$ cat protein-v3.pdb   # PDB, C-alpha atoms
MODEL        1
ATOM      1  CA  MET A   1       5.784  78.265   1.789
ATOM      2  CA  THR A   2       5.620  74.596   2.805
ATOM      3  CA  PHE A   3       5.886  73.488  -0.823
ATOM      4  CA  ILE A   4       8.881  75.757  -1.421
ATOM      5  CA  THR A   5      10.652  74.391   1.666
ATOM      6  CA  LEU A   6       9.984  70.806   0.577
ATOM      7  CA  GLU A   7      11.305  71.595  -2.902
ATOM      8  CA  HIS A   8      14.535  72.982  -1.464
ATOM      9  CA  ILE A   9      15.020  69.962   0.794
ATOM     10  CA  LEU A  10      14.379  67.505  -2.033
ATOM     11  CA  THR A  11      16.618  69.291  -4.548
ATOM     12  CA  HIS A  12      19.528  69.558  -2.096
ATOM     13  CA  THR A  13      19.129  65.947  -0.959
ATOM     14  CA  SER A  14      18.893  64.571  -4.499
ATOM     15  CA  PHE A  15      21.941  66.562  -5.639
ATOM     16  CA  PHE A  16      23.980  65.249  -2.702
ATOM     17  CA  LEU A  17      22.885  61.676  -3.463
ATOM     18  CA  LEU A  18      23.807  62.028  -7.141
ATOM     19  CA  PHE A  19      27.187  63.470  -6.193
ATOM     20  CA  PHE A  20      27.670  60.561  -3.789
ATOM     21  CA  CYS A  21      26.681  58.073  -6.530
ATOM     22  CA  THR A  22      29.161  59.648  -8.939
ATOM     23  CA  PHE A  23      31.889  59.430  -6.301
ATOM     24  CA  ILE A  24      31.063  55.762  -5.627
ATOM     25  CA  TYR A  25      30.911  54.633  -9.268
ATOM     26  CA  TRP A  26      34.069  56.478 -10.301
ATOM     27  CA  GLY A  27      35.849  55.445  -7.111
ATOM     28  CA  LYS A  28      34.923  51.844  -7.818
ATOM     29  CA  PHE A  29      36.087  52.223 -11.405
ATOM     30  CA  LEU A  30      39.483  53.683 -10.481
ATOM     31  CA  TYR A  31      40.262  51.954  -7.237
ATOM     32  CA  ILE A  32      38.312  49.026  -5.846
ATOM     33  CA  ASN A  33      35.235  46.991  -6.691
ATOM     34  CA  ILE A  34      33.574  45.824  -3.470
ATOM     35  CA  LYS A  35      30.062  44.390  -3.377
ATOM     36  CA  THR A  36      29.051  46.565  -0.409
ATOM     37  CA  ILE A  37      30.023  49.746  -2.283
ATOM     38  CA  THR A  38      28.081  48.572  -5.339
ATOM     39  CA  ILE A  39      24.943  48.016  -3.236
ATOM     40  CA  LEU A  40      25.411  51.433  -1.600
ATOM     41  CA  GLY A  41      25.590  53.057  -5.042
ATOM     42  CA  LYS A  42      22.379  51.336  -6.151
ATOM     43  CA  ILE A  43      20.503  52.411  -3.016
ATOM     44  CA  SER A  44      21.736  56.008  -3.355
ATOM     45  CA  MET A  45      20.581  56.174  -6.978
ATOM     46  CA  LYS A  46      17.143  54.839  -6.038
ATOM     47  CA  PHE A  47      16.772  57.446  -3.299
ATOM     48  CA  ALA A  48      17.935  60.184  -5.681
ATOM     49  CA  CYS A  49      15.314  59.115  -8.225
ATOM     50  CA  PHE A  50      12.674  59.083  -5.462
ATOM     51  CA  CYS A  51      13.649  62.602  -4.309
ATOM     52  CA  ILE A  52      13.512  64.053  -7.832
ATOM     53  CA  THR A  53      10.197  62.299  -8.485
ATOM     54  CA  SER A  54       8.815  63.773  -5.261
ATOM     55  CA  PHE A  55      10.101  67.216  -6.262
ATOM     56  CA  LEU A  56       8.341  67.024  -9.640
ATOM     57  CA  LEU A  57       5.093  65.845  -8.026
ATOM     58  CA  ILE A  58       5.149  68.645  -5.447
ATOM     59  CA  ARG A  59       5.902  71.150  -8.205
ATOM     60  CA  TRP A  60       2.959  69.756 -10.179
ATOM     61  CA  ILE A  61       0.586  70.077  -7.210
ATOM     62  CA  SER A  62       1.719  73.570  -6.220
ATOM     63  CA  SER A  63       1.682  75.017  -9.754
ATOM     64  CA  GLY A  64      -1.413  73.225 -11.012
ATOM     65  CA  HIS A  65       0.251  72.152 -14.260
ATOM     66  CA  PHE A  66       2.747  69.529 -15.371
ATOM     67  CA  PRO A  67       6.245  70.706 -14.304
ATOM     68  CA  LEU A  68       7.825  71.143 -17.736
ATOM     69  CA  SER A  69       7.069  74.780 -18.435
ATOM     70  CA  ASN A  70      10.554  76.293 -18.072
ATOM     71  CA  LEU A  71      14.249  75.447 -18.318
ATOM     72  CA  TYR A  72      14.597  74.738 -14.593
ATOM     73  CA  GLU A  73      11.825  72.166 -14.552
ATOM     74  CA  SER A  74      12.917  70.556 -17.816
ATOM     75  CA  SER A  75      16.519  70.224 -16.542
ATOM     76  CA  MET A  76      15.284  68.551 -13.362
ATOM     77  CA  PHE A  77      13.140  66.261 -15.495
ATOM     78  CA  LEU A  78      16.214  65.464 -17.620
ATOM     79  CA  SER A  79      18.129  64.554 -14.465
ATOM     80  CA  TRP A  80      15.220  62.344 -13.412
ATOM     81  CA  GLY A  81      15.304  60.719 -16.862
ATOM     82  CA  PHE A  82      18.983  59.812 -16.421
ATOM     83  CA  THR A  83      18.302  58.209 -13.037
ATOM     84  CA  LEU A  84      15.338  56.268 -14.428
ATOM     85  CA  ILE A  85      17.389  54.991 -17.380
ATOM     86  CA  HIS A  86      20.164  53.991 -14.984
ATOM     87  CA  LEU A  87      17.828  51.982 -12.751
ATOM     88  CA  ILE A  88      16.141  50.228 -15.689
ATOM     89  CA  LEU A  89      19.360  49.357 -17.493
ATOM     90  CA  GLU A  90      21.263  48.318 -14.386
ATOM     91  CA  ASN A  91      18.427  45.994 -13.425
ATOM     92  CA  LYS A  92      18.100  44.618 -16.958
ATOM     93  CA  SER A  93      21.784  44.215 -17.808
ATOM     94  CA  GLN A  94      23.064  43.337 -14.319
ATOM     95  CA  ASN A  95      26.277  45.301 -14.913
ATOM     96  CA  THR A  96      27.743  47.867 -12.553
ATOM     97  CA  TRP A  97      29.644  50.135 -14.949
ATOM     98  CA  LEU A  98      26.649  52.070 -16.337
ATOM     99  CA  GLY A  99      26.748  54.368 -13.321
ATOM    100  CA  ILE A 100      30.067  55.741 -14.595
ATOM    101  CA  ILE A 101      28.039  57.366 -17.407
ATOM    102  CA  THR A 102      24.568  57.928 -15.951
ATOM    103  CA  ALA A 103      25.438  59.154 -12.428
ATOM    104  CA  PRO A 104      27.576  62.150 -13.498
ATOM    105  CA  SER A 105      25.111  62.921 -16.315
ATOM    106  CA  ALA A 106      22.228  63.122 -13.836
ATOM    107  CA  MET A 107      24.358  65.137 -11.409
ATOM    108  CA  LEU A 108      25.444  67.660 -14.052
ATOM    109  CA  ALA A 109      21.886  68.163 -15.359
ATOM    110  CA  HIS A 110      20.707  68.602 -11.768
ATOM    111  CA  GLY A 111      23.575  70.957 -10.969
ATOM    112  CA  PHE A 112      22.860  73.068 -14.041
ATOM    113  CA  ALA A 113      19.250  73.499 -12.910
ATOM    114  CA  THR A 114      19.910  74.217  -9.243
ATOM    115  CA  LEU A 115      23.271  76.026  -9.314
ATOM    116  CA  SER A 116      23.530  77.805 -12.674
ATOM    117  CA  LEU A 117      20.104  79.203 -13.509
ATOM    118  CA  PRO A 118      18.976  82.604 -12.192
ATOM    119  CA  LYS A 119      16.453  82.602  -9.371
ATOM    120  CA  GLU A 120      13.764  84.115 -11.617
ATOM    121  CA  MET A 121      13.913  81.083 -13.934
ATOM    122  CA  LYS A 122      13.280  78.696 -11.034
ATOM    123  CA  GLU A 123       9.981  80.269 -10.084
ATOM    124  CA  SER A 124       6.778  78.491 -11.007
ATOM    125  CA  LEU A 125       4.606  80.829 -13.069
ATOM    126  CA  PHE A 126       1.176  80.602 -14.674
ATOM    127  CA  LEU A 127       1.213  79.101 -18.142
ATOM    128  CA  VAL A 128       0.729  81.361 -21.134
ATOM    129  CA  PRO A 129      -2.408  80.510 -23.179
ATOM    130  CA  ALA A 130      -0.409  78.642 -25.849
ATOM    131  CA  LEU A 131       0.939  76.221 -23.208
ATOM    132  CA  GLN A 132      -2.418  75.588 -21.553
ATOM    133  CA  SER A 133      -2.989  72.357 -23.412
ATOM    134  CA  ASN A 134      -3.038  68.625 -22.695
ATOM    135  CA  TRP A 135      -0.343  68.318 -25.355
ATOM    136  CA  LEU A 136       2.168  69.872 -22.931
ATOM    137  CA  MET A 137       2.548  66.623 -21.008
ATOM    138  CA  MET A 138       2.638  64.430 -24.124
ATOM    139  CA  HIS A 139       5.011  66.495 -26.251
ATOM    140  CA  VAL A 140       7.521  67.765 -23.707
ATOM    141  CA  THR A 141       7.667  64.479 -21.765
ATOM    142  CA  MET A 142       8.461  62.534 -24.930
ATOM    143  CA  MET A 143      11.091  65.068 -26.001
ATOM    144  CA  MET A 144      12.841  65.130 -22.623
ATOM    145  CA  LEU A 145      12.830  61.338 -22.277
ATOM    146  CA  SER A 146      14.231  61.061 -25.812
ATOM    147  CA  TYR A 147      16.963  63.585 -24.960
ATOM    148  CA  ALA A 148      17.952  61.638 -21.835
ATOM    149  CA  THR A 149      17.955  58.322 -23.703
ATOM    150  CA  LEU A 150      19.834  59.578 -26.776
ATOM    151  CA  LEU A 151      22.410  61.395 -24.647
ATOM    152  CA  CYS A 152      23.004  58.255 -22.603
ATOM    153  CA  GLY A 153      23.451  56.112 -25.733
ATOM    154  CA  SER A 154      25.708  58.728 -27.312
ATOM    155  CA  LEU A 155      27.899  58.889 -24.205
ATOM    156  CA  LEU A 156      28.385  55.127 -24.413
ATOM    157  CA  ALA A 157      29.434  55.583 -28.051
ATOM    158  CA  ILE A 158      31.910  58.306 -27.053
ATOM    159  CA  THR A 159      33.315  55.980 -24.372
ATOM    160  CA  LEU A 160      33.692  53.295 -27.041
ATOM    161  CA  LEU A 161      35.671  55.680 -29.240
ATOM    162  CA  ILE A 162      37.956  56.670 -26.359
ATOM    163  CA  ILE A 163      38.695  53.025 -25.531
ATOM    164  CA  THR A 164      39.180  52.173 -29.207
ATOM    165  CA  ILE A 165      41.819  54.853 -29.817
ATOM    166  CA  THR A 166      43.632  54.263 -26.509
ATOM    167  CA  LYS A 167      47.104  52.903 -27.165
ATOM    168  CA  GLN A 168      47.885  49.546 -25.597
ATOM    169  CA  LYS A 169      51.342  50.508 -24.437
ATOM    170  CA  ASN A 170      49.816  52.807 -21.814
ATOM    171  CA  PHE A 171      47.917  50.035 -20.005
ATOM    172  CA  PRO A 172      50.805  48.156 -18.329
ATOM    173  CA  ILE A 173      51.867  51.446 -16.689
ATOM    174  CA  LEU A 174      48.476  51.985 -15.076
ATOM    175  CA  MET A 175      48.814  49.378 -12.374
ATOM    176  CA  SER A 176      52.132  50.578 -11.012
ATOM    177  CA  TYR A 177      51.452  54.270 -11.580
ATOM    178  CA  PHE A 178      48.042  54.441  -9.886
ATOM    179  CA  HIS A 179      48.694  51.560  -7.430
ATOM    180  CA  LEU A 180      45.473  49.862  -8.476
ATOM    181  CA  SER A 181      44.000  47.077  -6.375
ATOM    182  CA  PHE A 182      43.543  43.610  -7.848
ATOM    183  CA  ASN A 183      39.827  44.012  -6.963
ATOM    184  CA  SER A 184      39.471  47.222  -8.964
ATOM    185  CA  PHE A 185      37.170  47.527 -11.972
ATOM    186  CA  ILE A 186      40.103  48.334 -14.273
ATOM    187  CA  PHE A 187      41.964  45.200 -13.200
ATOM    188  CA  GLN A 188      38.910  42.983 -13.593
ATOM    189  CA  LYS A 189      38.008  44.394 -17.008
ATOM    190  CA  PHE A 190      41.458  44.673 -18.564
ATOM    191  CA  LEU A 191      44.186  42.907 -16.592
ATOM    192  CA  GLN A 192      42.581  39.874 -15.024
ATOM    193  CA  PRO A 193      44.007  36.628 -16.434
ATOM    194  CA  ILE A 194      41.789  34.417 -18.543
ATOM    195  CA  GLU A 195      40.698  30.986 -17.272
ATOM    196  CA  ASN A 196      42.556  31.384 -13.984
ATOM    197  CA  GLU A 197      45.954  31.421 -15.611
ATOM    198  CA  ILE A 198      48.790  32.650 -13.428
ATOM    199  CA  PHE A 199      49.124  36.397 -13.872
ATOM    200  CA  SER A 200      52.369  37.319 -15.543
ATOM    201  CA  TYR A 201      53.984  40.719 -15.748
ATOM    202  CA  LYS A 202      55.528  39.838 -19.068
ATOM    203  CA  GLN A 203      54.522  42.393 -21.668
ATOM    204  CA  LYS A 204      53.126  39.933 -24.221
ATOM    205  CA  LYS A 205      50.784  38.265 -21.746
ATOM    206  CA  ILE A 206      49.549  41.582 -20.420
ATOM    207  CA  PHE A 207      48.795  42.679 -23.972
ATOM    208  CA  TYR A 208      46.993  39.402 -24.611
ATOM    209  CA  PHE A 209      44.766  39.850 -21.567
ATOM    210  CA  ILE A 210      44.148  43.522 -22.395
ATOM    211  CA  ASN A 211      43.123  42.703 -25.974
ATOM    212  CA  PHE A 212      40.509  40.189 -24.850
ATOM    213  CA  ARG A 213      39.013  42.340 -22.069
ATOM    214  CA  LYS A 214      39.155  45.445 -24.229
ATOM    215  CA  TRP A 215      37.344  43.626 -27.033
ATOM    216  CA  GLN A 216      34.686  42.443 -24.559
ATOM    217  CA  LEU A 217      34.066  45.951 -23.232
ATOM    218  CA  ILE A 218      33.916  47.482 -26.722
ATOM    219  CA  LYS A 219      31.338  44.912 -27.815
ATOM    220  CA  GLU A 220      29.271  45.567 -24.696
ATOM    221  CA  LEU A 221      29.404  49.336 -25.136
ATOM    222  CA  ASP A 222      28.497  49.025 -28.815
ATOM    223  CA  ASN A 223      25.553  46.747 -28.038
ATOM    224  CA  TRP A 224      24.101  48.902 -25.272
ATOM    225  CA  SER A 225      24.667  52.142 -27.167
ATOM    226  CA  TYR A 226      22.690  50.721 -30.094
ATOM    227  CA  ARG A 227      19.877  49.422 -27.883
ATOM    228  CA  ILE A 228      19.509  52.678 -25.923
ATOM    229  CA  ILE A 229      19.510  54.852 -29.051
ATOM    230  CA  SER A 230      16.977  52.474 -30.614
ATOM    231  CA  LEU A 231      14.712  53.254 -27.660
ATOM    232  CA  GLY A 232      15.315  57.010 -27.775
ATOM    233  CA  PHE A 233      14.660  57.406 -31.501
ATOM    234  CA  PRO A 234      10.937  56.437 -31.435
ATOM    235  CA  LEU A 235      10.481  58.654 -28.363
ATOM    236  CA  LEU A 236      11.968  61.557 -30.335
ATOM    237  CA  THR A 237       9.701  60.732 -33.278
ATOM    238  CA  ILE A 238       6.589  60.720 -31.086
ATOM    239  CA  GLY A 239       7.720  63.978 -29.492
ATOM    240  CA  ILE A 240       8.157  65.723 -32.848
ATOM    241  CA  LEU A 241       4.826  64.469 -34.214
ATOM    242  CA  SER A 242       2.894  65.435 -31.072
ATOM    243  CA  GLY A 243       4.598  68.836 -31.176
ATOM    244  CA  ALA A 244       3.443  69.321 -34.767
ATOM    245  CA  VAL A 245      -0.172  68.571 -33.806
ATOM    246  CA  TRP A 246       0.073  70.935 -30.836
ATOM    247  CA  ALA A 247       1.629  73.658 -33.026
ATOM    248  CA  ASN A 248      -1.297  73.388 -35.408
ATOM    249  CA  GLU A 249      -3.730  73.919 -32.536
ATOM    250  CA  ALA A 250      -1.772  76.796 -30.987
ATOM    251  CA  TRP A 251      -0.325  78.611 -34.020
ATOM    252  CA  GLY A 252      -2.406  77.319 -36.941
ATOM    253  CA  SER A 253       0.449  75.479 -38.679
ATOM    254  CA  TYR A 254       2.007  72.035 -38.246
ATOM    255  CA  TRP A 255       5.538  73.244 -39.030
ATOM    256  CA  ASN A 256       6.942  76.773 -38.819
ATOM    257  CA  TRP A 257      10.681  76.146 -39.303
ATOM    258  CA  ASP A 258      11.257  77.612 -35.879
ATOM    259  CA  PRO A 259      14.951  77.163 -34.805
ATOM    260  CA  LYS A 260      13.897  74.575 -32.226
ATOM    261  CA  GLU A 261      11.893  72.630 -34.798
ATOM    262  CA  THR A 262      14.743  72.787 -37.295
ATOM    263  CA  TRP A 263      17.316  71.460 -34.830
ATOM    264  CA  ALA A 264      14.895  68.762 -33.655
ATOM    265  CA  LEU A 265      14.638  67.642 -37.280
ATOM    266  CA  ILE A 266      18.450  67.671 -37.610
ATOM    267  CA  THR A 267      18.679  65.561 -34.430
ATOM    268  CA  TRP A 268      16.137  63.128 -35.840
ATOM    269  CA  LEU A 269      18.069  62.850 -39.131
ATOM    270  CA  ILE A 270      21.407  62.218 -37.368
ATOM    271  CA  PHE A 271      20.049  59.321 -35.338
ATOM    272  CA  ALA A 272      18.041  58.036 -38.311
ATOM    273  CA  ILE A 273      21.362  57.822 -40.196
ATOM    274  CA  TYR A 274      22.911  56.034 -37.204
ATOM    275  CA  LEU A 275      20.133  53.418 -37.112
ATOM    276  CA  HIS A 276      20.250  53.063 -40.903
ATOM    277  CA  THR A 277      23.965  52.266 -40.810
ATOM    278  CA  ARG A 278      23.378  49.730 -38.037
ATOM    279  CA  MET A 279      20.280  47.999 -39.378
ATOM    280  CA  ILE A 280      20.728  48.248 -43.151
ATOM    281  CA  LYS A 281      24.478  48.583 -43.667
ATOM    282  CA  GLY A 282      25.392  46.343 -40.759
ATOM    283  CA  TRP A 283      27.998  48.730 -39.357
ATOM    284  CA  GLN A 284      29.359  48.080 -35.882
ATOM    285  CA  GLY A 285      31.950  49.587 -33.601
ATOM    286  CA  LYS A 286      33.822  52.759 -34.477
ATOM    287  CA  LYS A 287      31.961  54.036 -37.570
ATOM    288  CA  PRO A 288      28.411  54.245 -36.113
ATOM    289  CA  ALA A 289      29.902  55.441 -32.801
ATOM    290  CA  ILE A 290      31.262  58.516 -34.620
ATOM    291  CA  ILE A 291      27.734  59.322 -35.873
ATOM    292  CA  ALA A 292      26.268  58.824 -32.389
ATOM    293  CA  SER A 293      28.988  61.057 -30.908
ATOM    294  CA  LEU A 294      27.994  63.799 -33.341
ATOM    295  CA  GLY A 295      24.407  63.287 -32.223
ATOM    296  CA  PHE A 296      25.459  63.986 -28.626
ATOM    297  CA  PHE A 297      26.450  67.562 -29.489
ATOM    298  CA  ILE A 298      23.432  68.063 -31.761
ATOM    299  CA  VAL A 299      21.056  67.107 -28.930
ATOM    300  CA  TRP A 300      22.634  69.690 -26.622
ATOM    301  CA  ILE A 301      22.347  72.369 -29.315
ATOM    302  CA  CYS A 302      18.689  71.432 -29.814
ATOM    303  CA  TYR A 303      17.894  71.391 -26.100
ATOM    304  CA  LEU A 304      19.990  74.262 -24.713
ATOM    305  CA  GLY A 305      21.697  76.173 -27.506
ATOM    306  CA  VAL A 306      18.566  77.294 -29.322
ATOM    307  CA  ASN A 307      16.597  77.937 -26.120
ATOM    308  CA  LEU A 308      19.176  80.075 -24.347
ATOM    309  CA  LEU A 309      19.859  82.297 -27.360
ATOM    310  CA  GLY A 310      16.346  83.658 -26.983
ATOM    311  CA  LYS A 311      15.264  83.199 -30.592
ATOM    312  CA  GLY A 312      12.127  81.495 -31.830
ATOM    313  CA  LEU A 313       8.863  80.333 -30.304
ATOM    314  CA  HIS A 314      10.534  77.848 -27.917
ATOM    315  CA  SER A 315      13.163  80.162 -26.412
ATOM    316  CA  TYR A 316      13.736  81.065 -22.778
ATOM    317  CA  GLY A 317      15.889  84.066 -23.647
ATOM    318  CA  TRP A 318      18.514  83.763 -20.908
ATOM    319  CA  LEU A 319      21.691  84.657 -22.811
ATOM    320  CA  VAL A 320      20.395  87.656 -24.738
TER     321      VAL A 320
ENDMDL
END

$ encode --input "protein-v3.pdb" --output "structure tokens"
Amino acid sequence: MTFITLEHILTHTSFFLLFFCTFIYWGKFLYINIKTITILGKISMKFACFCITSFLLIRWISSGHFPLSNLYESSMFLSWGFTLIHLILENKSQNTWLGIITAPSAMLAHGFATLSLPKEMKESLFLVPALQSNWLMMHVTMMMLSYATLLCGSLLAITLLIITITKQKNFPILMSYFHLSFNSFIFQKFLQPIENEIFSYKQKKIFYFINFRKWQLIKELDNWSYRIISLGFPLLTIGILSGAVWANEAWGSYWNWDPKETWALITWLIFAIYLHTRMIKGWQGKKPAIIASLGFFIVWICYLGVNLLGKGLHSYGWLV
């Protein structure tokens, strides 16, 4: 009973913190960029990561096995993965806009686990014989970390595409329409004058400033999307290979063309094509971002679509 109470406290606290982080990062993006708010967002994300980590550890102790045996636990682990990626990247890159992507991603994964799933799927049950293996930690951990990493990189690519296709004539309206502050993220990224020039409301100068800041942001998004996906791809590869070894031990065959296995292979091929176009063809910007954006939807089909339909050896059977 004590473990269950602690789990409830930690899940509710972490969800509130992630919601608060999302509010802070998007509020800073749309309205004002103050150092105190930035620090508050960082602290909230660290506490959220700590709460989810504590939840997973308590779940591990109470169940006696690594907490990745059902959809509820894997979704919480995915949320934890987003927070971990956020903390690592924010510390490494020293930028404050990553939270616009990672905070809502972690919150939505957390919300799906705690608010959407039936109560029966949240219960910790004894593992079936096929799952009672040391490969559970290796295989599922690698797969979930790869999902979190690839989804994060793909979301950056989708953001790049949105910024790329945004028409310039809409930008000068933003400041007067939304009453943006001169300290806001949007102003600093798009409308701030270069080299301390006097800000002019003349259309040509605004376009000039927008073009430079827009180009900077696109290059940054493209760079980080590539680097994050480059990290997620080997994790996915290790996850698939360890799963094949485990399948041979449990079912007597390395590959069974189970729906989950098939979609994992499709996911691997999509991101292999992405990396090939970047490393061999030298593509940058919009073209590889389209491939990564496709990968975003493929990952969700692989993780949730196949599982929830209740077909195959990896299914949870919730929708049928």

$ residues_around --input "protein-v3.pdb" --residues "region 61-65 of chain A" --least-positions-apart "3" --cutoff "9 Å" --atoms "all atoms listed in the file" --output "ChimeraX atom specification"
/A:3-4,56-58,68-69,124-127,132

$ resolve_selection --input "protein-v3.pdb" --expression "the PyMOL selection byres ((chain A and resi 82) around 8)" --output "PDB file with C-alpha atoms, in the coordinates of the input"
ATOM      1  CA  LEU A  78      16.214  65.464 -17.620  1.00  0.00           C
ATOM      2  CA  SER A  79      18.129  64.554 -14.465  1.00  0.00           C
ATOM      3  CA  TRP A  80      15.220  62.344 -13.412  1.00  0.00           C
ATOM      4  CA  GLY A  81      15.304  60.719 -16.862  1.00  0.00           C
ATOM      5  CA  THR A  83      18.302  58.209 -13.037  1.00  0.00           C
ATOM      6  CA  LEU A  84      15.338  56.268 -14.428  1.00  0.00           C
ATOM      7  CA  ILE A  85      17.389  54.991 -17.380  1.00  0.00           C
ATOM      8  CA  HIS A  86      20.164  53.991 -14.984  1.00  0.00           C
ATOM      9  CA  THR A 102      24.568  57.928 -15.951  1.00  0.00           C
ATOM     10  CA  ALA A 103      25.438  59.154 -12.428  1.00  0.00           C
ATOM     11  CA  SER A 105      25.111  62.921 -16.315  1.00  0.00           C
ATOM     12  CA  ALA A 106      22.228  63.122 -13.836  1.00  0.00           C
ATOM     13  CA  ALA A 148      17.952  61.638 -21.835  1.00  0.00           C
ATOM     14  CA  THR A 149      17.955  58.322 -23.703  1.00  0.00           C
ATOM     15  CA  CYS A 152      23.004  58.255 -22.603  1.00  0.00           C
TER      16      CYS A 152
END

$ atom_distance --input "protein-v3.pdb" --atom1 "CA of Met45 (chain A)" --atom2 "CA of Glu220 (chain A)"
22.4 Å

$ atom_distance --input "protein-v3.pdb" --atom1 "CA of Arg227 (chain A)" --atom2 "CA of Gln284 (chain A)"
12.5 Å

$ residues_around --input "protein-v3.pdb" --residues "Thr5 (chain A)" --least-positions-apart "4" --cutoff "12 Å" --atoms "all atoms listed in the file" --output "JSON, numbers by chain"
{"A": [1, 9, 10, 11, 12, 55, 58, 59, 62]}

$ closest_residue --input "protein-v3.pdb" --among "A:Phe297, A:Tyr254, A:Phe15, A:Phe50" --to "Leu115 (chain A)" --atoms "only C-alpha atoms"
A:Phe15

$ closest_residue --input "protein-v3.pdb" --among "A:Leu241, A:Ala48, A:Ile291, A:Ala157" --to "Ser225 (chain A)" --atoms "all atoms listed in the file"
A:Ala157

$ atom_distance --input "protein-v3.pdb" --atom1 "CA of Arg278 (chain A)" --atom2 "CA of Ile100 (chain A)"
25.1 Å

$ closest_residue --input "protein-v3.pdb" --among "A:Asn248, A:Thr53, A:Thr159, A:Asn70" --to "Met121 (chain A)" --atoms "all atoms listed in the file"
A:Asn70

$ residues_around --input "protein-v3.pdb" --residues "Leu235 (chain A)" --least-positions-apart "5" --cutoff "7 Å" --atoms "all atoms listed in the file" --output "PDB file with C-alpha atoms, keeping the file's coordinate frame"
ATOM      1  CA  MET A 142       8.461  62.534 -24.930  1.00  0.00           C
ATOM      2  CA  MET A 143      11.091  65.068 -26.001  1.00  0.00           C
ATOM      3  CA  SER A 146      14.231  61.061 -25.812  1.00  0.00           C
TER       4      SER A 146
END

$ closest_residue --input "protein-v3.pdb" --among "A:Asn91, A:Gln216, A:Asn134, A:Asn223" --to "Gly153 (chain A)" --atoms "only C-alpha atoms"
A:Asn223

$ resolve_selection --input "protein-v3.pdb" --expression "the PyMOL selection byres ((chain A and resi 158) around 9)" --output "NGL selection string"
:A and (153-157 or 159-163 or 289-290 or 292-293 or 296)

$ residues_around --input "protein-v3.pdb" --residues "Thr164 (chain A)" --least-positions-apart "6" --cutoff "10 Å" --atoms "all atoms listed in the file" --output "list in words"
Ile158, Lys214, Trp215, Ile218, Gly285 and Lys286 of chain A

$ resolve_selection --input "protein-v3.pdb" --expression "the PyMOL selection byres ((chain A and resi 23) around 12)" --output "PDB file with C-alpha atoms, keeping the file's coordinate frame"
ATOM      1  CA  PHE A  16      23.980  65.249  -2.702  1.00  0.00           C
ATOM      2  CA  LEU A  17      22.885  61.676  -3.463  1.00  0.00           C
ATOM      3  CA  LEU A  18      23.807  62.028  -7.141  1.00  0.00           C
ATOM      4  CA  PHE A  19      27.187  63.470  -6.193  1.00  0.00           C
ATOM      5  CA  PHE A  20      27.670  60.561  -3.789  1.00  0.00           C
ATOM      6  CA  CYS A  21      26.681  58.073  -6.530  1.00  0.00           C
ATOM      7  CA  THR A  22      29.161  59.648  -8.939  1.00  0.00           C
ATOM      8  CA  ILE A  24      31.063  55.762  -5.627  1.00  0.00           C
ATOM      9  CA  TYR A  25      30.911  54.633  -9.268  1.00  0.00           C
ATOM     10  CA  TRP A  26      34.069  56.478 -10.301  1.00  0.00           C
ATOM     11  CA  GLY A  27      35.849  55.445  -7.111  1.00  0.00           C
ATOM     12  CA  LYS A  28      34.923  51.844  -7.818  1.00  0.00           C
ATOM     13  CA  PHE A  29      36.087  52.223 -11.405  1.00  0.00           C
ATOM     14  CA  LEU A  30      39.483  53.683 -10.481  1.00  0.00           C
ATOM     15  CA  TYR A  31      40.262  51.954  -7.237  1.00  0.00           C
ATOM     16  CA  ILE A  37      30.023  49.746  -2.283  1.00  0.00           C
ATOM     17  CA  THR A  38      28.081  48.572  -5.339  1.00  0.00           C
ATOM     18  CA  LEU A  40      25.411  51.433  -1.600  1.00  0.00           C
ATOM     19  CA  GLY A  41      25.590  53.057  -5.042  1.00  0.00           C
ATOM     20  CA  SER A  44      21.736  56.008  -3.355  1.00  0.00           C
ATOM     21  CA  MET A  45      20.581  56.174  -6.978  1.00  0.00           C
ATOM     22  CA  GLY A  99      26.748  54.368 -13.321  1.00  0.00           C
ATOM     23  CA  ILE A 100      30.067  55.741 -14.595  1.00  0.00           C
ATOM     24  CA  ILE A 101      28.039  57.366 -17.407  1.00  0.00           C
ATOM     25  CA  ALA A 103      25.438  59.154 -12.428  1.00  0.00           C
ATOM     26  CA  PRO A 104      27.576  62.150 -13.498  1.00  0.00           C
ATOM     27  CA  MET A 107      24.358  65.137 -11.409  1.00  0.00           C
TER      28      MET A 107
END

$ closest_residue --input "protein-v3.pdb" --among "A:Pro67, A:Leu265, A:Pro259, A:Tyr226" --to "Thr277 (chain A)" --atoms "all atoms listed in the file"
A:Tyr226

$ closest_residue --input "protein-v3.pdb" --among "A:Ile43, A:Val245, A:Leu98, A:Leu71" --to "Gly305 (chain A)" --atoms "all atoms listed in the file"
A:Leu71
